[in-house]
file protein-v5.txt (compact mmCIF, C-alpha atoms)
# COMPACT_ATOMS: atom_id res chain seq x y z
CA MET A 1 41.17 70.93 88.90
CA SER A 2 41.67 67.32 90.04
CA VAL A 3 43.53 66.49 93.24
CA LYS A 4 46.07 64.52 91.19
CA TYR A 5 46.72 67.50 88.88
CA LEU A 6 47.00 69.90 91.82
CA ALA A 7 49.52 67.67 93.57
CA ALA A 8 51.60 67.44 90.41
CA SER A 9 51.55 71.22 90.02
CA ILE A 10 52.69 71.77 93.59
CA ALA A 11 55.47 69.23 93.11
CA LEU A 12 56.67 71.11 90.04
CA LEU A 13 56.67 74.41 91.92
CA PHE A 14 58.73 72.93 94.72
CA ALA A 15 61.13 71.42 92.20
CA ALA A 16 61.56 74.80 90.48
CA GLY A 17 62.11 76.52 93.80
CA SER A 18 64.78 74.05 94.80
CA ALA A 19 66.78 74.50 91.60
CA PRO A 20 70.22 75.92 92.36
CA THR A 21 70.58 79.67 91.81
CA LEU A 22 73.81 81.48 91.08
CA ALA A 23 75.08 83.75 93.83
CA GLN A 24 75.21 87.40 92.79
CA VAL A 25 78.17 89.76 92.94
CA LYS A 26 77.24 93.45 92.95
CA ILE A 27 79.58 95.96 91.37
CA GLY A 28 78.84 99.67 91.71
CA VAL A 29 79.92 101.75 88.71
CA VAL A 30 80.09 105.55 88.97
CA THR A 31 80.99 107.55 85.86
CA SER A 32 80.74 111.14 84.70
CA ALA A 33 78.40 110.55 81.78
CA THR A 34 77.30 114.20 81.92
CA GLY A 35 79.01 117.44 82.91
CA PRO A 36 82.48 118.79 82.02
CA THR A 37 84.16 115.35 82.13
CA ALA A 38 81.53 113.62 79.98
CA MET A 39 83.88 113.08 77.02
CA VAL A 40 85.83 110.78 79.33
CA GLY A 41 82.86 109.35 81.23
CA ILE A 42 80.61 108.42 78.31
CA PRO A 43 82.87 105.68 76.86
CA GLN A 44 83.35 104.40 80.41
CA LYS A 45 79.60 104.15 81.01
CA ASN A 46 79.10 102.60 77.57
CA THR A 47 81.66 99.90 78.37
CA VAL A 48 79.70 98.53 81.34
CA PRO A 49 77.41 96.27 79.21
CA LEU A 50 80.54 94.65 77.77
CA LEU A 51 81.84 93.50 81.17
CA PRO A 52 81.58 89.85 82.29
CA ALA A 53 78.03 89.00 83.41
CA LYS A 54 79.01 85.62 84.84
CA VAL A 55 82.25 84.58 86.52
CA GLY A 56 82.56 80.91 87.42
CA GLY A 57 79.45 80.01 89.40
CA LEU A 58 78.57 83.62 90.16
CA THR A 59 76.49 86.18 88.31
CA VAL A 60 77.72 89.77 88.27
CA ASP A 61 75.30 92.68 88.49
CA TYR A 62 76.60 96.16 87.57
CA ILE A 63 74.74 99.08 89.14
CA SER A 64 75.67 102.16 87.10
CA LEU A 65 75.23 105.75 88.32
CA ASP A 66 76.15 109.14 86.83
CA ASP A 67 77.81 111.74 89.10
CA ALA A 68 77.49 114.56 86.51
CA SER A 69 81.25 115.27 86.96
CA ASP A 70 80.48 116.69 90.43
CA PRO A 71 82.64 115.37 93.33
CA THR A 72 79.78 116.00 95.76
CA GLN A 73 77.45 113.81 93.71
CA THR A 74 80.20 111.19 93.54
CA VAL A 75 80.21 110.95 97.33
CA THR A 76 76.41 110.67 97.38
CA ALA A 77 76.49 107.90 94.76
CA PHE A 78 79.17 105.93 96.60
CA LYS A 79 77.35 106.19 99.93
CA LYS A 80 74.13 105.01 98.29
CA LEU A 81 75.86 102.02 96.70
CA ILE A 82 77.54 101.11 99.98
CA THR A 83 74.55 101.44 102.31
CA GLU A 84 71.59 100.54 100.08
CA GLU A 85 73.04 98.19 97.46
CA LYS A 86 75.85 96.77 99.62
CA VAL A 87 78.11 96.43 96.59
CA ASP A 88 81.13 94.14 96.67
CA ALA A 89 83.38 96.47 94.66
CA PHE A 90 83.44 99.75 92.77
CA ILE A 91 84.51 100.71 89.27
CA GLY A 92 84.98 104.46 89.01
CA PRO A 93 84.67 107.33 89.39
CA THR A 94 85.79 109.10 86.21
CA GLY A 95 87.57 112.18 87.58
CA SER A 96 90.70 112.34 89.72
CA PRO A 97 89.23 114.85 92.24
CA ASN A 98 86.10 112.70 92.46
CA ALA A 99 88.17 109.63 93.26
CA MET A 100 90.24 111.38 95.91
CA GLY A 101 87.02 112.42 97.64
CA VAL A 102 85.67 108.90 98.16
CA ILE A 103 88.77 107.00 99.28
CA GLN A 104 87.83 107.31 102.95
CA PHE A 105 84.36 105.84 102.31
CA VAL A 106 85.59 102.80 100.41
CA ALA A 107 88.19 102.22 103.12
CA GLU A 108 85.71 102.57 105.99
CA SER A 109 83.31 100.14 104.30
CA GLY A 110 86.09 97.74 103.28
CA THR A 111 85.05 97.84 99.62
CA PRO A 112 87.73 97.65 96.90
CA MET A 113 87.64 100.37 94.25
CA LEU A 114 89.07 100.12 90.73
CA ALA A 115 89.60 103.73 89.72
CA PRO A 116 89.96 104.55 86.01
CA VAL A 117 91.53 107.93 86.79
CA GLY A 118 94.72 109.67 85.78
CA THR A 119 96.34 110.82 88.99
CA ALA A 120 98.64 108.44 90.82
CA SER A 121 97.63 110.17 94.07
CA VAL A 122 94.76 107.68 94.49
CA VAL A 123 97.28 104.90 95.11
CA LEU A 124 100.49 106.74 96.03
CA PRO A 125 101.88 107.09 98.57
CA MET A 126 100.33 103.87 99.85
CA THR A 127 98.34 104.29 103.08
CA PRO A 128 95.95 102.07 105.08
CA GLU A 129 93.06 103.81 103.27
CA LYS A 130 94.55 103.60 99.78
CA LYS A 131 95.17 99.88 100.12
CA TRP A 132 91.50 99.52 99.08
CA VAL A 133 92.09 101.41 95.82
CA PHE A 134 93.42 99.99 92.55
CA LYS A 135 94.10 102.08 89.47
CA THR A 136 93.45 101.00 85.88
CA THR A 137 95.50 103.69 84.17
CA GLN A 138 99.25 104.11 83.91
CA ASN A 139 100.85 106.02 86.77
CA ASP A 140 102.08 109.47 85.83
CA ASP A 141 105.77 108.62 86.21
CA ILE A 142 105.62 105.89 83.54
CA ILE A 143 104.10 108.34 81.07
CA ALA A 144 106.28 111.27 82.15
CA LYS A 145 109.52 109.33 81.72
CA ALA A 146 108.67 108.64 78.08
CA LEU A 147 107.94 112.34 77.48
CA VAL A 148 111.07 113.61 79.22
CA ASN A 149 113.22 111.07 77.37
CA HIS A 150 111.82 112.42 74.10
CA MET A 151 112.54 115.98 75.26
CA THR A 152 116.17 115.24 76.05
CA ARG A 153 116.70 113.40 72.76
CA ASN A 154 115.35 116.43 70.92
CA GLY A 155 117.39 119.11 72.64
CA VAL A 156 114.79 120.58 74.99
CA LYS A 157 116.57 122.65 77.67
CA THR A 158 113.68 124.73 79.03
CA ALA A 159 110.02 123.86 79.56
CA GLY A 160 106.74 125.46 80.53
CA PHE A 161 103.93 123.70 82.36
CA ILE A 162 100.20 124.35 82.49
CA GLY A 163 97.90 121.89 84.21
CA PHE A 164 94.62 121.45 86.03
CA ASN A 165 94.41 123.09 89.43
CA ASP A 166 93.45 119.80 91.05
CA ALA A 167 94.89 116.40 92.01
CA TYR A 168 95.60 115.46 88.40
CA GLY A 169 97.52 118.63 87.59
CA GLU A 170 99.36 118.81 90.90
CA ASN A 171 100.66 115.26 90.74
CA TRP A 172 101.79 115.80 87.17
CA LEU A 173 103.60 118.98 88.19
CA ASN A 174 105.42 117.13 90.99
CA VAL A 175 106.45 114.23 88.76
CA PHE A 176 107.49 116.44 85.84
CA THR A 177 109.46 118.84 88.05
CA GLN A 178 111.55 116.01 89.49
CA LEU A 179 112.23 114.38 86.12
CA ALA A 180 113.05 117.73 84.50
CA GLN A 181 115.62 118.49 87.19
CA GLN A 182 117.18 115.04 86.81
CA ASN A 183 117.53 115.61 83.07
CA ASN A 184 118.82 119.20 83.20
CA ILE A 185 115.61 120.71 81.84
CA LYS A 186 114.81 124.06 83.46
CA LEU A 187 111.17 124.71 84.30
CA VAL A 188 110.74 128.39 83.39
CA ALA A 189 106.95 128.80 83.71
CA VAL A 190 104.24 127.08 85.76
CA GLU A 191 100.55 127.90 85.31
CA ARG A 192 97.29 126.30 86.36
CA TYR A 193 93.69 126.36 85.14
CA GLN A 194 90.29 124.93 86.00
CA ARG A 195 88.65 122.07 84.10
CA SER A 196 85.68 124.31 83.36
CA ASP A 197 87.66 127.37 82.18
CA SER A 198 86.74 128.84 78.80
CA SER A 199 89.87 131.01 78.57
CA VAL A 200 93.51 130.70 79.63
CA THR A 201 94.79 133.78 77.79
CA GLY A 202 96.57 135.23 80.84
CA GLN A 203 98.33 131.99 81.70
CA ALA A 204 99.34 131.41 78.09
CA LEU A 205 100.84 134.90 77.75
CA LYS A 206 103.01 134.29 80.83
CA ILE A 207 104.27 131.02 79.36
CA LEU A 208 104.85 132.67 75.98
CA SER A 209 106.96 135.42 77.56
CA ALA A 210 109.17 132.81 79.26
CA LYS A 211 110.08 131.41 75.80
CA PRO A 212 110.35 127.70 76.77
CA ASP A 213 111.62 125.17 74.24
CA ALA A 214 108.60 122.97 75.02
CA VAL A 215 105.31 123.11 76.90
CA LEU A 216 103.67 120.26 78.78
CA VAL A 217 99.88 120.46 79.18
CA ALA A 218 98.46 118.36 82.04
CA GLY A 219 94.75 118.20 81.34
CA THR A 220 92.18 115.60 80.36
CA GLY A 221 89.59 115.26 77.63
CA THR A 222 88.76 118.24 75.46
CA ALA A 223 89.91 120.59 78.25
CA ALA A 224 93.47 119.59 77.34
CA VAL A 225 93.08 121.41 74.01
CA LEU A 226 92.46 124.91 75.41
CA PRO A 227 95.99 125.83 76.61
CA GLN A 228 97.65 124.39 73.52
CA ALA A 229 95.27 126.07 71.08
CA THR A 230 95.62 129.39 72.93
CA LEU A 231 99.41 129.28 72.83
CA ALA A 232 99.41 128.27 69.17
CA LYS A 233 97.18 131.23 68.27
CA GLN A 234 99.47 133.53 70.26
CA GLY A 235 102.34 132.44 68.05
CA TYR A 236 104.18 129.89 70.19
CA LYS A 237 106.46 127.81 67.94
CA GLY A 238 107.96 125.34 70.42
CA LYS A 239 107.10 121.69 70.97
CA PHE A 240 103.88 120.63 72.68
CA TYR A 241 103.60 117.60 74.96
CA GLN A 242 100.40 116.18 76.42
CA THR A 243 99.66 113.57 79.08
CA HIS A 244 97.64 110.40 78.49
CA GLY A 245 94.62 112.41 79.63
CA ALA A 246 94.38 113.88 76.12
CA ALA A 247 94.12 110.50 74.41
CA LEU A 248 90.68 110.66 72.80
CA PRO A 249 89.30 111.37 69.31
CA ALA A 250 87.69 114.64 70.41
CA PHE A 251 91.15 116.06 71.18
CA LEU A 252 92.05 115.66 67.51
CA LYS A 253 88.72 116.97 66.25
CA LEU A 254 88.59 120.01 68.51
CA GLY A 255 92.29 120.83 68.29
CA GLY A 256 92.63 120.54 64.52
CA LYS A 257 95.81 122.09 63.16
CA ASP A 258 96.67 123.53 66.60
CA VAL A 259 97.47 120.06 67.96
CA GLU A 260 99.41 118.82 64.92
CA GLY A 261 102.80 117.46 66.00
CA THR A 262 101.80 116.96 69.63
CA ILE A 263 103.77 114.30 71.49
CA LEU A 264 102.16 112.11 74.15
CA ALA A 265 102.67 108.70 75.72
CA ALA A 266 99.52 106.63 76.03
CA SER A 267 97.79 103.32 75.45
CA LEU A 268 98.52 101.21 72.38
CA MET A 269 94.81 101.43 71.59
CA LEU A 270 95.39 104.79 69.91
CA VAL A 271 97.58 103.19 67.26
CA LEU A 272 96.42 99.57 67.12
CA PRO A 273 97.02 99.07 63.36
CA GLU A 274 100.67 100.01 63.87
CA ILE A 275 101.22 97.71 66.85
CA ASP A 276 103.10 94.47 66.22
CA ASP A 277 100.91 91.37 66.32
CA ALA A 278 103.32 89.87 68.85
CA ASN A 279 102.24 92.43 71.44
CA PRO A 280 100.14 90.40 73.93
CA SER A 281 97.65 93.23 74.48
CA LYS A 282 96.81 93.78 70.82
CA LYS A 283 94.33 90.93 70.47
CA ILE A 284 92.48 91.84 73.66
CA ALA A 285 92.35 95.50 72.68
CA GLN A 286 91.06 94.63 69.23
CA ASP A 287 88.33 92.44 70.70
CA TYR A 288 87.20 95.27 72.99
CA VAL A 289 87.19 97.81 70.13
CA GLU A 290 85.21 95.46 67.88
CA ARG A 291 82.59 94.69 70.54
CA TYR A 292 82.20 98.36 71.46
CA THR A 293 81.97 99.45 67.82
CA LYS A 294 79.40 96.78 67.02
CA ARG A 295 77.21 97.98 69.90
CA TYR A 296 77.58 101.75 69.50
CA GLY A 297 78.57 102.30 65.88
CA GLU A 298 81.87 104.00 66.69
CA PRO A 299 85.15 102.97 68.34
CA PRO A 300 85.73 103.77 72.02
CA ALA A 301 88.09 106.32 73.47
CA THR A 302 90.89 104.74 75.49
CA PHE A 303 89.17 105.84 78.69
CA GLY A 304 86.56 103.15 78.10
CA ALA A 305 89.35 100.59 78.12
CA ASN A 306 90.18 101.61 81.69
CA VAL A 307 86.75 100.29 82.72
CA TYR A 308 87.08 97.21 80.50
CA ASP A 309 90.37 96.35 82.21
CA ALA A 310 88.68 96.76 85.60
CA GLY A 311 86.26 94.05 84.47
CA LEU A 312 89.15 91.78 83.49
CA LEU A 313 90.82 92.30 86.87
CA LEU A 314 87.59 91.47 88.71
CA GLU A 315 86.98 88.44 86.48
CA LYS A 316 90.26 86.98 87.66
CA ALA A 317 89.91 87.98 91.33
CA ILE A 318 86.27 87.04 92.02
CA PRO A 319 86.74 83.22 91.96
CA GLU A 320 89.57 83.55 94.47
CA ALA A 321 87.49 85.77 96.75
CA ALA A 322 84.59 83.32 96.60
CA LYS A 323 86.75 80.75 98.37
CA ALA A 324 86.81 82.97 101.46
CA GLY A 325 83.21 84.10 101.68
CA LYS A 326 79.90 84.74 99.96
CA PRO A 327 79.24 87.88 97.89
CA GLY A 328 77.69 90.58 100.03
CA THR A 329 79.88 89.82 103.04
CA ALA A 330 82.88 91.62 104.51
CA GLU A 331 84.88 88.41 104.11
CA PHE A 332 84.24 88.37 100.36
CA ARG A 333 85.14 92.05 99.91
CA SER A 334 88.35 91.67 101.89
CA ALA A 335 89.35 88.56 99.97
CA LEU A 336 88.55 90.35 96.71
CA ARG A 337 90.92 93.15 97.69
CA ASP A 338 93.62 90.60 98.51
CA ALA A 339 93.10 88.76 95.22
CA LEU A 340 93.36 91.99 93.20
CA GLU A 341 96.62 92.82 94.96
CA LYS A 342 98.02 89.42 93.96
CA THR A 343 97.29 89.92 90.24
CA ARG A 344 100.28 88.77 88.20
CA GLU A 345 100.91 89.06 84.44
CA LEU A 346 97.30 89.81 83.57
CA VAL A 347 97.28 90.86 79.93
CA ALA A 348 94.66 93.54 79.27
CA THR A 349 93.83 96.17 76.66
CA GLN A 350 96.55 98.65 77.61
CA GLY A 351 99.37 96.52 78.91
CA VAL A 352 100.14 93.90 81.53
CA TYR A 353 99.11 94.21 85.19
CA ASN A 354 101.39 93.13 88.02
CA MET A 355 99.93 94.37 91.31
CA SER A 356 101.73 94.32 94.64
CA PRO A 357 101.19 95.77 98.12
CA GLU A 358 103.30 98.75 97.07
CA ASP A 359 101.95 99.14 93.52
CA HIS A 360 98.19 99.19 92.93
CA SER A 361 98.47 100.28 89.30
CA GLY A 362 100.69 97.47 88.12
CA PHE A 363 101.81 98.82 84.76
CA ASP A 364 105.36 98.80 83.44
CA ASP A 365 106.76 100.14 80.17
CA ARG A 366 104.53 97.68 78.29
CA GLY A 367 101.65 99.96 79.24
CA ARG A 368 102.66 102.90 77.05
CA GLU A 369 103.53 103.91 73.51
CA LEU A 370 105.11 107.17 72.38
CA ILE A 371 102.62 108.76 70.00
CA THR A 372 102.33 111.91 67.89
CA VAL A 373 99.60 113.69 65.92
CA LYS A 374 100.24 113.55 62.19
CA ASP A 375 97.75 114.69 59.54
CA GLY A 376 95.02 114.77 62.17
CA GLN A 377 95.59 111.16 63.28
CA TRP A 378 97.43 109.36 66.06
CA ARG A 379 100.70 107.83 64.85
CA LEU A 380 103.51 105.94 66.54
CA VAL A 381 106.68 107.95 67.01
CA LYS A 382 109.33 106.13 64.99
call {"tool": "encode", "arguments": {"input": "protein-v5.txt", "output": "structure tokens"}}
result
Amino acid sequence: MSVKYLAASIALLFAAGSAPTLAQVKIGVVTSATGPTAMVGIPQKNTVPLLPAKVGGLTVDYISLDDASDPTQTVTAFKKLITEEKVDAFIGPTGSPNAMGVIQFVAESGTPMLAPVGTASVVLPMTPEKKWVFKTTQNDDIIAKALVNHMTRNGVKTAGFIGFNDAYGENWLNVFTQLAQQNNIKLVAVERYQRSDSSVTGQALKILSAKPDAVLVAGTGTAAVLPQATLAKQGYKGKFYQTHGAALPAFLKLGGKDVEGTILAASLMLVLPEIDDANPSKKIAQDYVERYTKRYGEPPATFGANVYDAGLLLEKAIPEAAKAGKPGTAEFRSALRDALEKTRELVATQGVYNMSPEDHSGFDDRGRELITVKDGQWRLVK
């Protein structure tokens, strides 16, 4: 090799090395892609490749881990992402108990978390620790008000309740109890069950003997089917209500005729063809559904949209945070938290986000639709 050629080669190497590189934002994603909550976690994990890979002058790297629906593994995953990967933010985890168990760690590390979980307990009541947590699902009270309004319009005077024996079920019981009292609905039976239970015969018989006009089931995924199907087979003829935790295709498939006529309030994604084109979220939701379907050959459950919306929130907040510090620093993470809290009128797949120091969910009534099961399909209540 000639001296002239060698010099030219070295010059090229130096030129390549001096080319500007994009700073990297690291986002840790923890989902329950296996285990009892997998029907919820799989569409969330599958949504990660659809999230923004570049925001402004920054690249975004998503480090995805599976906690197998186990809160202990969730803690391990979060600690690993904090200490080894030094992530700038979290998306996840999938389950409400899992999320409650990691709040202290995200707060201690000063790392914002966007939690796609059902229970409002992750953000309410607001505390110094919970100020690091944002929630990408509708708070229980927004959903519950729609259900109780439907109950009162349809003459329901007594109600039974059966829900998970965890943070999700307990918060729903608290919210529903208060709204029922305010609307002169008497709660005549309260039962609980575990996410992993294969039978709720005893609980169902107690509810059946109380003869409520309606029953509210507070469960998620396919586990929400069990109490309703059990009561239906025992001969219960009253009205069934479900929370937004039941909003997935597997609920319809597994429940079959036992879930026909169910009433729930949930994301517009369940009934997109029936939603008016003027709804600002329709176009964004359609784009997400089309991209997901093209990649995986089937449409996503609404739970995947909770992760997609987390990506939209971060896409808006990251450029603001970059003004205060570089990714990987405490200054950047703190500024990212502040920017998320200042989110205003962000249109996403399920509604419009307006965050505030008091409200880290940000949804209003635009984030829900009253929906029923008719002929094995989701349909708007009209």
call {"tool": "closest_residue", "arguments": {"input": "protein-v5.txt", "among": "A:Gln228, A:Asn306, A:Thr76, A:Gln182", "to": "Leu254 in chain A", "atoms": "only C-alpha atoms"}}
result
A:Gln228
call {"tool": "residues_around", "arguments": {"input": "protein-v5.txt", "residues": "Phe363 in chain A", "least_positions_apart": "3", "cutoff": "10 Å", "atoms": "all atoms listed in the file", "output": "list in words"}}
result
Lys135, Thr136, Thr137, Gln138, Asn139, Ile142, Glu345, Gln350, Gly351, Val352, Tyr353, Asn354, Met355, Asp359, His360, Arg366, Gly367 and Arg368 of chain A
call {"tool": "residues_around", "arguments": {"input": "protein-v5.txt", "residues": "Glu108 in chain A", "least_positions_apart": "6", "cutoff": "12 Å", "atoms": "all atoms listed in the file", "output": "MDAnalysis selection string"}}
result
chainID A and resid 78:79 82:83 102 128:132 330 334
call {"tool": "closest_residue", "arguments": {"input": "protein-v5.txt", "among": "A:Gly35, A:Arg337, A:Ala144, A:Asn154", "to": "Phe90 in chain A", "atoms": "only C-alpha atoms"}}
result
A:Arg337
call {"tool": "atom_distance", "arguments": {"input": "protein-v5.txt", "atom1": "CA of Gly41 in chain A", "atom2": "CA of Gly160 in chain A"}}
result
28.8 Å
call {"tool": "closest_residue", "arguments": {"input": "protein-v5.txt", "among": "A:Ala310, A:Ile207, A:Ala159, A:Leu147", "to": "Ala265 in chain A", "atoms": "all atoms listed in the file"}}
result
A:Leu147
call {"tool": "closest_residue", "arguments": {"input": "protein-v5.txt", "among": "A:Glu331, A:Glu290, A:Asp364, A:Asp309", "to": "Phe134 in chain A", "atoms": "only C-alpha atoms"}}
result
A:Asp309
call {"tool": "axis_aligned_box", "arguments": {"input": "protein-v5.txt", "around": "range 51-60 of chain A", "padding_each_side": "8 Å", "output": "AutoDock Vina command-line options"}}
result
--center_x 79.5 --center_y 86.8 --center_z 85.7 --size_x 22.1 --size_y 29.5 --size_z 25.0
call {"tool": "atom_distance", "arguments": {"input": "protein-v5.txt", "atom1": "CA of Arg333 in chain A", "atom2": "CA of Ala89 in chain A"}}
result
7.1 Å
call {"tool": "closest_residue", "arguments": {"input": "protein-v5.txt", "among": "A:Leu187, A:Leu336, A:Val148, A:Leu50", "to": "Ala210 in chain A", "atoms": "all atoms listed in the file"}}
result
A:Leu187
call {"tool": "residues_near_point", "arguments": {"input": "protein-v5.txt", "point": "(88.7, 109.7, 75.5)", "cutoff": "7 Å", "atoms": "only C-alpha atoms", "output": "MDAnalysis selection string"}}
result
chainID A and resid 39:40 221 247:249 301:303
call {"tool": "residues_near_point", "arguments": {"input": "protein-v5.txt", "point": "(101.4, 103.9, 96.4)", "cutoff": "7 Å", "atoms": "all atoms listed in the file", "output": "PDB file with C-alpha atoms, in the frame of the given file"}}
result
ATOM      1  CA  VAL A 123      97.280 104.900  95.110  1.00  0.00           C
ATOM      2  CA  LEU A 124     100.490 106.740  96.030  1.00  0.00           C
ATOM      3  CA  PRO A 125     101.880 107.090  98.570  1.00  0.00           C
ATOM      4  CA  MET A 126     100.330 103.870  99.850  1.00  0.00           C
ATOM      5  CA  GLU A 358     103.300  98.750  97.070  1.00  0.00           C
ATOM      6  CA  ASP A 359     101.950  99.140  93.520  1.00  0.00           C
ATOM      7  CA  HIS A 360      98.190  99.190  92.930  1.00  0.00           C
TER       8      HIS A 360
END
call {"tool": "build_atoms", "arguments": {"input": "protein-v5.txt", "residues": "range 207-228 of chain A", "atoms": "N, CA and C atoms", "output": "compact mmCIF listing (two decimals), keeping the file's coordinate frame"}}
result
# COMPACT_ATOMS: atom_id res chain seq x y z
N ILE A 207 103.42 132.08 79.87
CA ILE A 207 104.27 131.02 79.36
C ILE A 207 104.99 131.49 78.10
N LEU A 208 104.27 132.17 77.23
CA LEU A 208 104.85 132.67 75.98
C LEU A 208 106.03 133.61 76.25
N SER A 209 105.89 134.46 77.25
CA SER A 209 106.96 135.42 77.56
C SER A 209 108.20 134.75 78.13
N ALA A 210 108.03 133.55 78.71
CA ALA A 210 109.17 132.81 79.26
C ALA A 210 109.98 132.11 78.17
N LYS A 211 109.42 131.98 76.98
CA LYS A 211 110.08 131.41 75.80
C LYS A 211 110.66 129.99 76.04
N PRO A 212 109.84 129.07 76.56
CA PRO A 212 110.35 127.70 76.77
C PRO A 212 110.52 126.97 75.45
N ASP A 213 111.44 126.00 75.44
CA ASP A 213 111.62 125.17 74.24
C ASP A 213 110.40 124.27 74.02
N ALA A 214 109.75 123.87 75.11
CA ALA A 214 108.60 122.97 75.02
C ALA A 214 107.62 123.30 76.13
N VAL A 215 106.37 122.91 75.90
CA VAL A 215 105.31 123.11 76.90
C VAL A 215 104.60 121.78 77.13
N LEU A 216 104.45 121.44 78.41
CA LEU A 216 103.67 120.26 78.78
C LEU A 216 102.31 120.71 79.31
N VAL A 217 101.24 120.18 78.73
CA VAL A 217 99.88 120.46 79.18
C VAL A 217 99.38 119.24 79.96
N ALA A 218 98.97 119.45 81.21
CA ALA A 218 98.46 118.36 82.04
C ALA A 218 96.97 118.56 82.26
N GLY A 219 96.20 118.12 81.27
CA GLY A 219 94.75 118.20 81.34
C GLY A 219 94.15 116.90 80.81
N THR A 220 92.85 116.80 80.86
CA THR A 220 92.18 115.60 80.36
C THR A 220 91.05 115.99 79.42
N GLY A 221 90.71 115.05 78.54
CA GLY A 221 89.59 115.26 77.63
C GLY A 221 89.79 116.47 76.75
N THR A 222 88.69 117.08 76.34
CA THR A 222 88.76 118.24 75.46
C THR A 222 89.35 119.46 76.17
N ALA A 223 89.32 119.48 77.51
CA ALA A 223 89.91 120.59 78.25
C ALA A 223 91.41 120.66 78.07
N ALA A 224 92.03 119.58 77.60
CA ALA A 224 93.47 119.59 77.34
C ALA A 224 93.82 120.40 76.10
N VAL A 225 92.83 120.66 75.24
CA VAL A 225 93.08 121.41 74.01
C VAL A 225 93.27 122.89 74.27
N LEU A 226 92.52 123.46 75.21
CA LEU A 226 92.46 124.91 75.41
C LEU A 226 93.82 125.59 75.57
N PRO A 227 94.70 125.15 76.48
CA PRO A 227 95.99 125.83 76.61
C PRO A 227 96.84 125.74 75.34
N GLN A 228 96.83 124.58 74.71
CA GLN A 228 97.65 124.39 73.52
C GLN A 228 97.14 125.27 72.37
